[in-house]
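For reference, the structure is listed below as structure tokens.
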Amino acid sequence: MSDFEPKVIVFLCNWCSYAGADLAGVSRYQYPTNIRTVRVMCSTRVSPHIVLELLKDGADGVIVTGCHPGDCHYINGNYYTEKRMDLAQRLLKMTGMEPERLKLDWVSASEGEKFSHLIQEFVTKLKEIGPNPVSKDKKLVTRLEAAVDASKYFRLKVLTGKDINLTSKGNVYGETLKLESLDEIMAKATEDEYRNSLILQLTNHKAYSVKELATEIGEPTDKTLEHVVSLRAKNMLALDHIEGTTPKYKAITIGGA
Amino acid sequence: MTNKVGAVMVVGGGISGVQAALDMADSGFKVYLVEKKASIGGTMAQLDKTFPTNDCSMCIMAPKLVAAGRHQNIELITNAEVEMIQGVPGDFMVTLKKNTLRVDEEKCTGCGECAIKCPIETSDEYNEGMKKRKAIYVMYPQAVPLVFCIDKNKCIGCGICHEECKAKAIVYDKKSEALEIPVGAVILCPGFEEFDARLKKEYGYGSYKNVVTSIEFERILSATGPFFGMVLRPSDGEVPKKVAFIQCVGSRDEKVGNTYCSSVCCMYAIKEAIIAGEHTEGLKPYIFFMDIRAVGKEFEDYRERAEKEYGITMYRGARVASVEEDPLTKNLTLRYSYEGESRSEDFDMVVLSVGLKPPEDADKLAKRLGIKLNKHGFCDTSIYDPLSTSRPGIFVSGAFAAPKDIPTSVAEASGVASKAGAIIAPARNTLVVKQSFPEEIAVEGQEPRIGVFVCHCGINIGGTVKVPKVVEYAKTLPSVVYAEENLYTCSSDAQERIKEKIKENNLNRVVVASCTPRTHEPLFQNTIKEAGLNTFLFEMANIRDQCSWIHMHEPEKATEKAKDLVRMAVAKSRLLEPLKTSRLEVNHAAVVIGGGLAGMTAALDIADQGFSVHLVEKTGHLGGYLAKLPLVEGGMKPKDHMDHLIKRIRESKNITVHLNNEVKDVTGFIGNFKVKLKDVELDAGTIIAATGGLEYKPTEYLYGQDPRVMTQLELEDKLAHKTFHGKNVVMIQCVGSRNEQVKYCSRICCAHAIKNAIEIKKQSPTTNVYVLHKDIRTYGFREDLYREAGQLGVNFLRFPEGTMPKLEKKGDNLEIVVPDVMLREDVLLKPDALVLSTGVRPNPDNVEIAKLMKVCGSKDGYFLEAHMKLRPVDFATEGIFLAGLAHWPKFIDEVIAQASGAAARAMTIISKDQLETEGIIAAVNDDVCNGCGICDPVCEYKAIVIVQDPSNPDKRKAVINEGLCKGCGACVAACPSGAMEQKGFKNDQMYAIIDAAFTGGK
């Protein structure tokens, strides 16, 4: 395992973290060569699906960095970054991939040393947990694909996008929601959308029964049935055939096969 | 033709000077920014964090420094001092002495190889001597300009730096030179110096290792400081458990000759205490102070949080008599008086909150320039003209005129830009650089032809990364038709080469692999633009700061990484598209809302530069609260100043006054607003909100029920008419401020009460006056009033935080009971006049006006600026500005300076004929967008509107206002349908760069 060199993508916001990474260079704080940096104007640009896709495609780790809360060059961009990375992290946990592979941290323009430490520690951690298992675990890939799909869903986009309105500025009734209660809603929605996506991923090529799906997605059969019902109602899943007493379902692909 | 010179000189490159320079340069004037040191940045560059937001100082300041360094209308003249100014306003000749850096500024690339090799170490001023630097050095890593200089006093002349410098920039015998520069106006921002704590011998600074000054402590807190942000004792490197902050060191102190209050120390001490506690576990800060002067916006919240949330112990009203060191442990014993008794307590470390004093050479500077200083040695100004020195055409901003905080300095800096601009307005755009570029080559539809230029940066890159290998590798990448290496890709001859190669090879994309785009991207973009390419057809790979410098001991891996970084840049480059920045016509008029002091001042400033202004006032007359201030202040009655302004407004042909009117609707955006009043619709390029504040009308203390109870404004009126005859006067401070309902401090009540108290004593020396207070917050030179009142026999009684004096009516007598902190018992007073120092309240109209203009309000009901520190008069919504009490309670001089500041910021817009939109902005794919509107709330700039699709009545869609979009990409990540794209960071471009990161070796 000692010769394993993790491949890490680091997103840097233009105004704070990129400058912090530069300062690490100017100050000659050495750190491992495992990272490749991608500059974005604001960390808010990094969609959850981008980081999930990176992990699905074999990156051993992904770090997203931005200005410290309150310092954002674009006023509040990093607030959304945090929400979006929360979502990505939640989904990641559901897929069973090590959540340590995704990290969000704040690096200011004067934190060259912190940046260097961040990279060192992250790379050390990855060496401990080993290479990204996707190449050996086809099922994990499917689950990650489901996570990517889920992260793009309208419902989750709404919840992350409107967060600030709901929790601080006030909703359409002028009420503000408690962060915890929105969090709970978010957690439930994320779980639902992930399971739905996973069912669709699985049934894309092959028909599954409720029982089979239940084993795959790790939910009791009654809950699984609920998912199947809701997907059918959305016209995304169709009954394929019945084997004995067991109905089997297949995803409806747009354009039809 | 005008005989005015369309240029200005800004003396001093701190935050104030930089802001003044940027505002002048953005308004069509040439700027010479003269700095005494080798780099600009001033004191702010040394700070770790800023209060009350705990923003990282360097993060928020660096973009401004870079902007000033790169602005084509700003010429930086560093290491230089003003010798003499001759001539008249509009036509000065300034003589400068430019001291030699012994480094050729044109050639130095800032790579720093010289400093690494230099054998001489000396103490580093930037880190207050707690770290070392070399004899050839740059002040700090992010310095602008990034040019090294030789400290001749330390240099031994060994010649190593010359040998090491591949750019041949070292010139040992480079001479200092005298420069003569014609300008129309001069702005002085030389800043301040810290009080020399050695003069307070009783605190032992200089002999006790663990007694440090606040600025040293600031460096200790900084991640780039001596201890990398950890708080350690200088004596033994141990983490201190108990740290004491002693306030007013060199301020409010007759013994050392500084009677004024330094205004900022209370807040910075609180900040340093909070950060110290955050950085270092188990560290307990204690602050010893006389009065805590938390008068600024949301400062009082910050103070309260410091005590309640961060557990900082505050000894209010404590005076520290002495500090003694235990010679063995180096611990420190403080002796102090607190609540009337003498105490002592041991600490591990002591921070002295040193005051601000005028720059050391202020006397000489004043003599050379022919300007007056005040009795404290700061630049002399008047309340009604706070930005002018005694010499016409020479202006002042920042701490040189009085100690002040960053936002006030920045607002003033914009303010002086307005004042200086008024003198040379006829010569606008006469001296600015207008770069002309060849017509843009159309590249749409062409196959990408990429040129890659890889920089050695002397040995900074080449010493680690095998540059020739990277070049060879680049040549193998798809679409790359040319690649070469350069010793310094940023040198001027390299720019010519890049242009040649573009022509020779028909390149339509350029990639430079060198240092950081933060500093160098604009240079290369300009180069390719000169060759006819759209500036957005450029991409950079950072193989120095983020590769060679951090992998110095792994040349093989660093080379591989450099190849990867080049491949990633090339992959993105292949998909780059020329981006159009559109030009929007600008309406040259301004709308100013509010006809009080702020609104009138701003309107006149704008009119003075020849632009038309609509001044909208809700009531039937101009003047606002000035009309209620009949007592002489600063040599004149505020009311007389008001009459003077009203007269000038009436006479101005540029100002249209709309009385008894109000704003009903605001549409449009920066450069093109439509402001609808009751009767008329106005077109304007910019809007200033100066809607003022209100005096709090108390419900407590029998106000309105007993004729002996009055507010300070009512007292002032009586005093002015000599109809006040009280013999036992009690004033109660903080009525309607700093309580459970209204937590903030209203800033002006202390000085107002004392002004009235002094007037009472002058009219009737035998009258007893008691001022009951929690703190007396006469910051700055207003401290003189406090002293004067004390000398005249005004009694000051402090009551504890969280209590208020109690009033009872016994028969016909008023009886006040107040818990006196010093006596530790209740004191009974029987006033025949009870004066309530009532706070300021926000104008309730702000809520509606904020909605109309789509701007934000603060938690206390005032307007919320774009950034508390560095954009104090801007709203986040572009093109709209704020000034006066609409922003926060403040004094006359502060209102005037801020109003001029808002005027200057507004004129950076309306002085232009056209505004260029940003290139990197969001774009909507109409076919995909279904108008769900999720993007709308995440946009902080209100740049997105959801509209009905004109071609399809059933469809809604998002539309980007290109004038407002700043290109952060928040909407792109929010969009559920993938309809939103960020130009320059499009999905396919992002994926290309990410995919390329993985395809290495495949």
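Each chain in the structure tokens gets a letter, A, B, ..., in the order shown, and its residues are numbered from 1; ligands are numbered from 1 in order too.
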
Near-Met230 (chain B) list (10 Å; only C-alpha atoms; drop same-chain fewer than 5 positions) as a VMD selection string = chain B and resid 220 to 223 225 237 239 276 278 to 281

Write out, as a PDB file, in the first residue's frame, the residues just selected, with N, CA, C and O atoms.
```
ATOM      1  N   ILE B 220       1.528  38.592  15.815  1.00  0.00           N
ATOM      2  CA  ILE B 220       1.558  37.275  16.467  1.00  0.00           C
ATOM      3  C   ILE B 220       0.317  36.475  16.060  1.00  0.00           C
ATOM      4  O   ILE B 220       0.387  35.279  15.803  1.00  0.00           O
ATOM      5  N   LEU B 221      -0.819  37.168  15.940  1.00  0.00           N
ATOM      6  CA  LEU B 221      -2.056  36.469  15.589  1.00  0.00           C
ATOM      7  C   LEU B 221      -2.072  36.019  14.139  1.00  0.00           C
ATOM      8  O   LEU B 221      -2.799  35.109  13.765  1.00  0.00           O
ATOM      9  N   SER B 222      -1.274  36.696  13.304  1.00  0.00           N
ATOM     10  CA  SER B 222      -1.373  36.436  11.869  1.00  0.00           C
ATOM     11  C   SER B 222      -0.717  35.118  11.479  1.00  0.00           C
ATOM     12  O   SER B 222       0.336  34.749  11.999  1.00  0.00           O
ATOM     13  N   ALA B 223      -1.367  34.446  10.538  1.00  0.00           N
ATOM     14  CA  ALA B 223      -0.826  33.185  10.020  1.00  0.00           C
ATOM     15  C   ALA B 223       0.534  33.406   9.378  1.00  0.00           C
ATOM     16  O   ALA B 223       1.347  32.494   9.297  1.00  0.00           O
ATOM     17  N   GLY B 225       2.653  35.584  10.558  1.00  0.00           N
ATOM     18  CA  GLY B 225       3.475  36.208  11.592  1.00  0.00           C
ATOM     19  C   GLY B 225       4.533  35.254  12.151  1.00  0.00           C
ATOM     20  O   GLY B 225       4.726  34.153  11.636  1.00  0.00           O
ATOM     21  N   GLY B 237       8.225  30.991  24.657  1.00  0.00           N
ATOM     22  CA  GLY B 237       7.499  30.206  23.669  1.00  0.00           C
ATOM     23  C   GLY B 237       6.383  29.367  24.256  1.00  0.00           C
ATOM     24  O   GLY B 237       5.856  28.474  23.604  1.00  0.00           O
ATOM     25  N   VAL B 239       2.500  28.804  25.748  1.00  0.00           N
ATOM     26  CA  VAL B 239       1.184  29.378  25.489  1.00  0.00           C
ATOM     27  C   VAL B 239       0.711  30.109  26.750  1.00  0.00           C
ATOM     28  O   VAL B 239       0.651  29.505  27.817  1.00  0.00           O
ATOM     29  N   ALA B 276      -7.437  35.868  19.707  1.00  0.00           N
ATOM     30  CA  ALA B 276      -6.452  35.144  20.526  1.00  0.00           C
ATOM     31  C   ALA B 276      -7.114  33.941  21.191  1.00  0.00           C
ATOM     32  O   ALA B 276      -6.572  32.835  21.181  1.00  0.00           O
ATOM     33  N   GLU B 278      -9.730  32.420  20.139  1.00  0.00           N
ATOM     34  CA  GLU B 278     -10.099  31.450  19.109  1.00  0.00           C
ATOM     35  C   GLU B 278      -8.898  30.620  18.667  1.00  0.00           C
ATOM     36  O   GLU B 278      -8.995  29.436  18.430  1.00  0.00           O
ATOM     37  N   HIS B 279      -7.761  31.323  18.524  1.00  0.00           N
ATOM     38  CA  HIS B 279      -6.560  30.649  18.012  1.00  0.00           C
ATOM     39  C   HIS B 279      -5.950  29.684  19.017  1.00  0.00           C
ATOM     40  O   HIS B 279      -5.307  28.728  18.644  1.00  0.00           O
ATOM     41  N   THR B 280      -6.105  29.999  20.288  1.00  0.00           N
ATOM     42  CA  THR B 280      -5.321  29.305  21.290  1.00  0.00           C
ATOM     43  C   THR B 280      -6.225  28.810  22.397  1.00  0.00           C
ATOM     44  O   THR B 280      -6.817  29.613  23.115  1.00  0.00           O
ATOM     45  N   GLU B 281      -6.306  27.505  22.520  1.00  0.00           N
ATOM     46  CA  GLU B 281      -7.216  26.965  23.503  1.00  0.00           C
ATOM     47  C   GLU B 281      -6.746  27.263  24.917  1.00  0.00           C
ATOM     48  O   GLU B 281      -5.560  27.216  25.215  1.00  0.00           O
TER      49      GLU B 281
END
```

Could you tell me which residues of chain A sit within 7 Å of chain B when counting only C-alpha atoms, and give me the result as an mmCIF file with C-alpha atoms, in the first residue's frame?
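Okay, this is what ended up in part07.cif:
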```cif
data_model
loop_
_atom_site.group_PDB
_atom_site.id
_atom_site.type_symbol
_atom_site.label_atom_id
_atom_site.label_comp_id
_atom_site.auth_asym_id
_atom_site.auth_seq_id
_atom_site.Cartn_x
_atom_site.Cartn_y
_atom_site.Cartn_z
ATOM 1 C CA CYS A 16 -9.105 33.689 -0.992
ATOM 2 C CA ALA A 21 -2.369 28.274 -2.179
ATOM 3 C CA ASP A 22 -0.117 30.828 -3.858
ATOM 4 C CA GLY A 25 4.199 28.545 -2.657
ATOM 5 C CA VAL A 26 5.649 31.946 -1.904
ATOM 6 C CA ARG A 28 7.777 27.445 0.276
ATOM 7 C CA TYR A 29 5.583 25.292 2.495
ATOM 8 C CA GLN A 30 6.213 21.918 0.921
ATOM 9 C CA TYR A 31 3.366 19.480 0.425
ATOM 10 C CA THR A 33 2.484 16.445 -5.336
ATOM 11 C CA ARG A 36 -4.294 19.061 -9.146
ATOM 12 C CA MET A 41 -14.294 32.360 -9.443
ATOM 13 C CA CYS A 42 -16.268 31.349 -6.359
ATOM 14 C CA THR A 44 -20.292 28.314 -5.053
ATOM 15 C CA ARG A 45 -19.744 27.317 -8.690
ATOM 16 C CA VAL A 46 -18.846 23.778 -7.646
ATOM 17 C CA SER A 47 -22.035 21.781 -8.018
ATOM 18 C CA GLY A 70 -18.372 36.169 5.929
ATOM 19 C CA ASP A 71 -15.338 36.836 3.714
ATOM 20 C CA TYR A 74 -19.425 37.512 -3.803
ATOM 21 C CA ILE A 75 -21.052 38.277 -0.450
ATOM 22 C CA GLY A 77 -21.389 32.407 -2.246
ATOM 23 C CA SER A 108 -7.908 32.600 3.425
ATOM 24 C CA ALA A 109 -5.329 34.543 1.452
ATOM 25 C CA SER A 110 -3.020 34.574 4.450
ATOM 26 C CA GLU A 111 -3.286 30.891 5.259
ATOM 27 C CA LYS A 152 -29.224 17.142 -9.796
ATOM 28 C CA TYR A 153 -32.836 16.659 -8.817
ATOM 29 C CA PHE A 154 -35.086 19.647 -8.747
ATOM 30 C CA LYS A 157 -31.857 22.052 -5.814
ATOM 31 C CA VAL A 158 -34.870 23.917 -4.497
ATOM 32 C CA GLY A 161 -31.159 27.123 -3.309
ATOM 33 C CA LYS A 162 -33.906 28.578 -1.178
#
```

Run DSSP on the backbone of this structure and report the residues of region 3-241 of chain A it assigns to strand (DSSP E or B), as a ChimeraX atom specification.
-> /A:8-13,35-40,61-66,102-106,208-209,237-241

May I have all residues of region 462-678 of chain B that DSSP, computed from the backbone, assigns to alpha helix (DSSP H), given as a VMD selection string?
-> chain B and resid 467 to 476 492 to 505 517 to 530 555 to 574 597 to 608 638 to 651

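For the pair CA of Tyr173 (chain A) and CA of Glu848 (chain B), the separation is 18.1 Å.
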
Identify, on the basis of only C-alpha atoms, every residue whose closest approach to region 170-180 of chain B does not exceed 8 Å; exclude the query and any residue fewer than 2 positions from it along the same chain; express the result as a ChimeraX atom specification.
-> /B:93-104,161-162,165,168,182

Writer output for current selection, all heavy atoms, as a compact mmCIF listing (two decimals), in the first residue's frame:
```txt
# COMPACT_ATOMS: atom_id res chain seq x y z
N MET B 93 3.03 72.13 -9.21
CA MET B 93 4.21 71.35 -9.60
C MET B 93 4.76 70.73 -8.32
O MET B 93 5.13 71.44 -7.39
CB MET B 93 5.25 72.26 -10.25
CG MET B 93 6.51 71.53 -10.69
SD MET B 93 6.19 70.26 -11.95
CE MET B 93 6.05 71.28 -13.41
N VAL B 94 4.77 69.39 -8.29
CA VAL B 94 5.24 68.70 -7.09
C VAL B 94 6.65 68.18 -7.33
O VAL B 94 6.93 67.56 -8.35
CB VAL B 94 4.33 67.50 -6.75
CG1 VAL B 94 4.77 66.86 -5.44
CG2 VAL B 94 2.88 67.94 -6.66
N THR B 95 7.53 68.47 -6.38
CA THR B 95 8.88 67.93 -6.46
C THR B 95 8.98 66.73 -5.52
O THR B 95 8.65 66.82 -4.34
CB THR B 95 9.91 68.98 -6.04
OG1 THR B 95 9.61 70.19 -6.73
CG2 THR B 95 11.32 68.53 -6.38
N LEU B 96 9.42 65.62 -6.08
CA LEU B 96 9.53 64.38 -5.29
C LEU B 96 10.99 63.97 -5.20
O LEU B 96 11.77 64.22 -6.12
CB LEU B 96 8.81 63.22 -5.98
CG LEU B 96 7.32 63.22 -6.13
CD1 LEU B 96 6.92 61.96 -6.88
CD2 LEU B 96 6.65 63.26 -4.77
N LYS B 97 11.31 63.33 -4.10
CA LYS B 97 12.60 62.66 -4.06
C LYS B 97 12.34 61.16 -4.08
O LYS B 97 11.68 60.63 -3.18
CB LYS B 97 13.36 63.03 -2.79
CG LYS B 97 14.75 62.42 -2.77
CD LYS B 97 15.51 62.78 -1.52
CE LYS B 97 16.88 62.12 -1.57
NZ LYS B 97 17.33 61.73 -0.24
N LYS B 98 12.80 60.55 -5.16
CA LYS B 98 12.61 59.10 -5.25
C LYS B 98 13.90 58.42 -4.83
O LYS B 98 14.91 58.50 -5.52
CB LYS B 98 12.22 58.69 -6.66
CG LYS B 98 12.12 57.18 -6.81
CD LYS B 98 11.23 56.74 -7.94
CE LYS B 98 11.26 55.23 -8.11
NZ LYS B 98 11.05 54.43 -6.89
N ASN B 99 13.84 57.74 -3.68
CA ASN B 99 15.04 57.07 -3.19
C ASN B 99 15.25 55.78 -3.96
O ASN B 99 14.30 55.10 -4.34
CB ASN B 99 14.89 56.78 -1.70
CG ASN B 99 14.79 58.06 -0.91
OD1 ASN B 99 15.62 58.96 -1.04
ND2 ASN B 99 13.75 58.18 -0.11
N THR B 100 16.49 55.47 -4.15
CA THR B 100 16.80 54.30 -4.97
C THR B 100 16.48 53.00 -4.24
O THR B 100 16.67 52.88 -3.03
CB THR B 100 18.27 54.29 -5.41
OG1 THR B 100 18.50 53.10 -6.15
CG2 THR B 100 19.21 54.33 -4.21
N LEU B 101 15.96 52.04 -4.98
CA LEU B 101 15.75 50.69 -4.45
C LEU B 101 16.99 49.84 -4.71
O LEU B 101 17.13 48.75 -4.20
CB LEU B 101 14.56 50.02 -5.15
CG LEU B 101 13.19 50.67 -5.05
CD1 LEU B 101 12.27 50.07 -6.10
CD2 LEU B 101 12.61 50.43 -3.67
N ARG B 102 17.82 50.34 -5.59
CA ARG B 102 18.99 49.61 -6.11
C ARG B 102 18.56 48.34 -6.87
O ARG B 102 19.32 47.39 -7.00
CB ARG B 102 19.98 49.27 -4.98
CG ARG B 102 20.55 50.53 -4.35
CD ARG B 102 21.43 50.29 -3.16
NE ARG B 102 21.51 51.53 -2.39
CZ ARG B 102 22.34 52.51 -2.68
NH1 ARG B 102 23.19 52.42 -3.67
NH2 ARG B 102 22.33 53.62 -1.96
N VAL B 103 17.33 48.37 -7.29
CA VAL B 103 16.80 47.27 -8.11
C VAL B 103 16.01 47.94 -9.23
O VAL B 103 15.31 48.93 -8.99
CB VAL B 103 15.86 46.36 -7.28
CG1 VAL B 103 15.15 45.36 -8.17
CG2 VAL B 103 16.63 45.64 -6.18
N ASP B 104 16.19 47.45 -10.44
CA ASP B 104 15.46 48.00 -11.57
C ASP B 104 14.01 47.52 -11.52
O ASP B 104 13.73 46.33 -11.70
CB ASP B 104 16.13 47.55 -12.88
CG ASP B 104 15.51 48.23 -14.09
OD1 ASP B 104 14.30 48.56 -14.02
OD2 ASP B 104 16.22 48.41 -15.09
N CYS B 161 23.39 38.65 -4.78
CA CYS B 161 22.06 38.86 -5.39
C CYS B 161 22.20 39.17 -6.88
O CYS B 161 21.40 38.73 -7.70
CB CYS B 161 21.26 39.93 -4.65
SG CYS B 161 22.10 41.49 -4.40
N HIS B 162 23.23 39.92 -7.20
CA HIS B 162 23.45 40.23 -8.61
C HIS B 162 23.72 38.96 -9.40
O HIS B 162 23.19 38.76 -10.49
CB HIS B 162 24.62 41.21 -8.75
CG HIS B 162 24.94 41.55 -10.16
ND1 HIS B 162 24.12 42.34 -10.93
CD2 HIS B 162 25.98 41.19 -10.94
CE1 HIS B 162 24.65 42.45 -12.13
NE2 HIS B 162 25.77 41.76 -12.17
N CYS B 165 20.44 36.90 -9.76
CA CYS B 165 19.30 37.49 -10.47
C CYS B 165 19.40 37.23 -11.97
O CYS B 165 20.23 37.83 -12.66
CB CYS B 165 19.20 38.98 -10.20
SG CYS B 165 17.76 39.71 -11.02
N LYS B 168 18.63 40.21 -14.29
CA LYS B 168 19.60 41.32 -14.31
C LYS B 168 18.97 42.60 -13.78
O LYS B 168 19.09 43.68 -14.38
CB LYS B 168 20.12 41.55 -15.73
CG LYS B 168 20.78 40.34 -16.37
CD LYS B 168 22.26 40.28 -16.02
CE LYS B 168 22.91 38.98 -16.47
NZ LYS B 168 23.06 37.99 -15.40
N PRO B 182 3.68 67.64 -12.67
CA PRO B 182 2.56 68.59 -12.65
C PRO B 182 1.25 67.87 -12.33
O PRO B 182 0.93 66.85 -12.94
CB PRO B 182 2.54 69.14 -14.08
CG PRO B 182 3.20 68.10 -14.92
CD PRO B 182 4.08 67.27 -14.05
```

Shell around Glu175 (chain A) at 10 Å using only C-alpha atoms, local window under 6 positions removed, as a VMD selection string | chain A and resid 165 to 169

Produce a file of the selected residues containing C-alpha atoms, as an mmCIF file, in the first residue's frame.
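Saved file out.cif follows:
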```
data_model
loop_
_atom_site.group_PDB
_atom_site.id
_atom_site.type_symbol
_atom_site.label_atom_id
_atom_site.label_comp_id
_atom_site.auth_asym_id
_atom_site.auth_seq_id
_atom_site.Cartn_x
_atom_site.Cartn_y
_atom_site.Cartn_z
ATOM 1 C CA ASN A 165 -34.809 32.615 2.189
ATOM 2 C CA LEU A 166 -36.327 29.965 4.367
ATOM 3 C CA THR A 167 -33.998 30.197 7.324
ATOM 4 C CA SER A 168 -33.103 33.860 7.500
ATOM 5 C CA LYS A 169 -34.896 36.182 5.108
#
```

Nearby residues (only C-alpha atoms) at most 8 Å from Gly66 (chain A), same-chain spacing under 4 positions excluded, as a VMD selection string | chain A and resid 12 to 13 16 to 17 42 to 43 72 78 105 to 108

With N, CA and C atoms kept, could you save the residues just selected as a PDB file, in the first residue's frame?
```
ATOM      1  N   LEU A  12     -10.302  25.674  -5.968  1.00  0.00           N
ATOM      2  CA  LEU A  12      -9.882  26.857  -5.229  1.00  0.00           C
ATOM      3  C   LEU A  12     -10.695  28.054  -5.704  1.00  0.00           C
ATOM      4  N   CYS A  13     -11.220  28.818  -4.778  1.00  0.00           N
ATOM      5  CA  CYS A  13     -11.901  30.033  -5.201  1.00  0.00           C
ATOM      6  C   CYS A  13     -10.851  31.072  -5.548  1.00  0.00           C
ATOM      7  N   CYS A  16      -9.766  34.011  -2.263  1.00  0.00           N
ATOM      8  CA  CYS A  16      -9.105  33.689  -0.992  1.00  0.00           C
ATOM      9  C   CYS A  16      -8.219  32.461  -1.130  1.00  0.00           C
ATOM     10  N   SER A  17      -8.829  31.333  -1.473  1.00  0.00           N
ATOM     11  CA  SER A  17      -8.097  30.067  -1.388  1.00  0.00           C
ATOM     12  C   SER A  17      -6.994  29.963  -2.434  1.00  0.00           C
ATOM     13  N   CYS A  42     -15.742  31.464  -7.713  1.00  0.00           N
ATOM     14  CA  CYS A  42     -16.268  31.349  -6.359  1.00  0.00           C
ATOM     15  C   CYS A  42     -16.538  29.870  -6.112  1.00  0.00           C
ATOM     16  N   SER A  43     -16.313  29.428  -4.883  1.00  0.00           N
ATOM     17  CA  SER A  43     -16.537  28.013  -4.570  1.00  0.00           C
ATOM     18  C   SER A  43     -17.988  27.610  -4.820  1.00  0.00           C
ATOM     19  N   CYS A  72     -16.673  36.086   1.806  1.00  0.00           N
ATOM     20  CA  CYS A  72     -16.861  35.770   0.384  1.00  0.00           C
ATOM     21  C   CYS A  72     -16.830  37.034  -0.460  1.00  0.00           C
ATOM     22  N   ASN A  78     -20.103  31.387  -0.479  1.00  0.00           N
ATOM     23  CA  ASN A  78     -19.601  30.235   0.283  1.00  0.00           C
ATOM     24  C   ASN A  78     -20.674  29.624   1.195  1.00  0.00           C
ATOM     25  N   ASP A 105     -13.195  22.955   3.054  1.00  0.00           N
ATOM     26  CA  ASP A 105     -12.479  23.738   4.072  1.00  0.00           C
ATOM     27  C   ASP A 105     -12.345  25.184   3.592  1.00  0.00           C
ATOM     28  N   TRP A 106     -12.141  26.066   4.545  1.00  0.00           N
ATOM     29  CA  TRP A 106     -11.968  27.488   4.218  1.00  0.00           C
ATOM     30  C   TRP A 106     -10.494  27.848   4.330  1.00  0.00           C
ATOM     31  N   VAL A 107      -9.966  28.469   3.308  1.00  0.00           N
ATOM     32  CA  VAL A 107      -8.561  28.892   3.318  1.00  0.00           C
ATOM     33  C   VAL A 107      -8.512  30.353   2.894  1.00  0.00           C
ATOM     34  N   SER A 108      -7.980  31.182   3.759  1.00  0.00           N
ATOM     35  CA  SER A 108      -7.908  32.600   3.425  1.00  0.00           C
ATOM     36  C   SER A 108      -6.605  32.901   2.707  1.00  0.00           C
TER      37      SER A 108
END
```
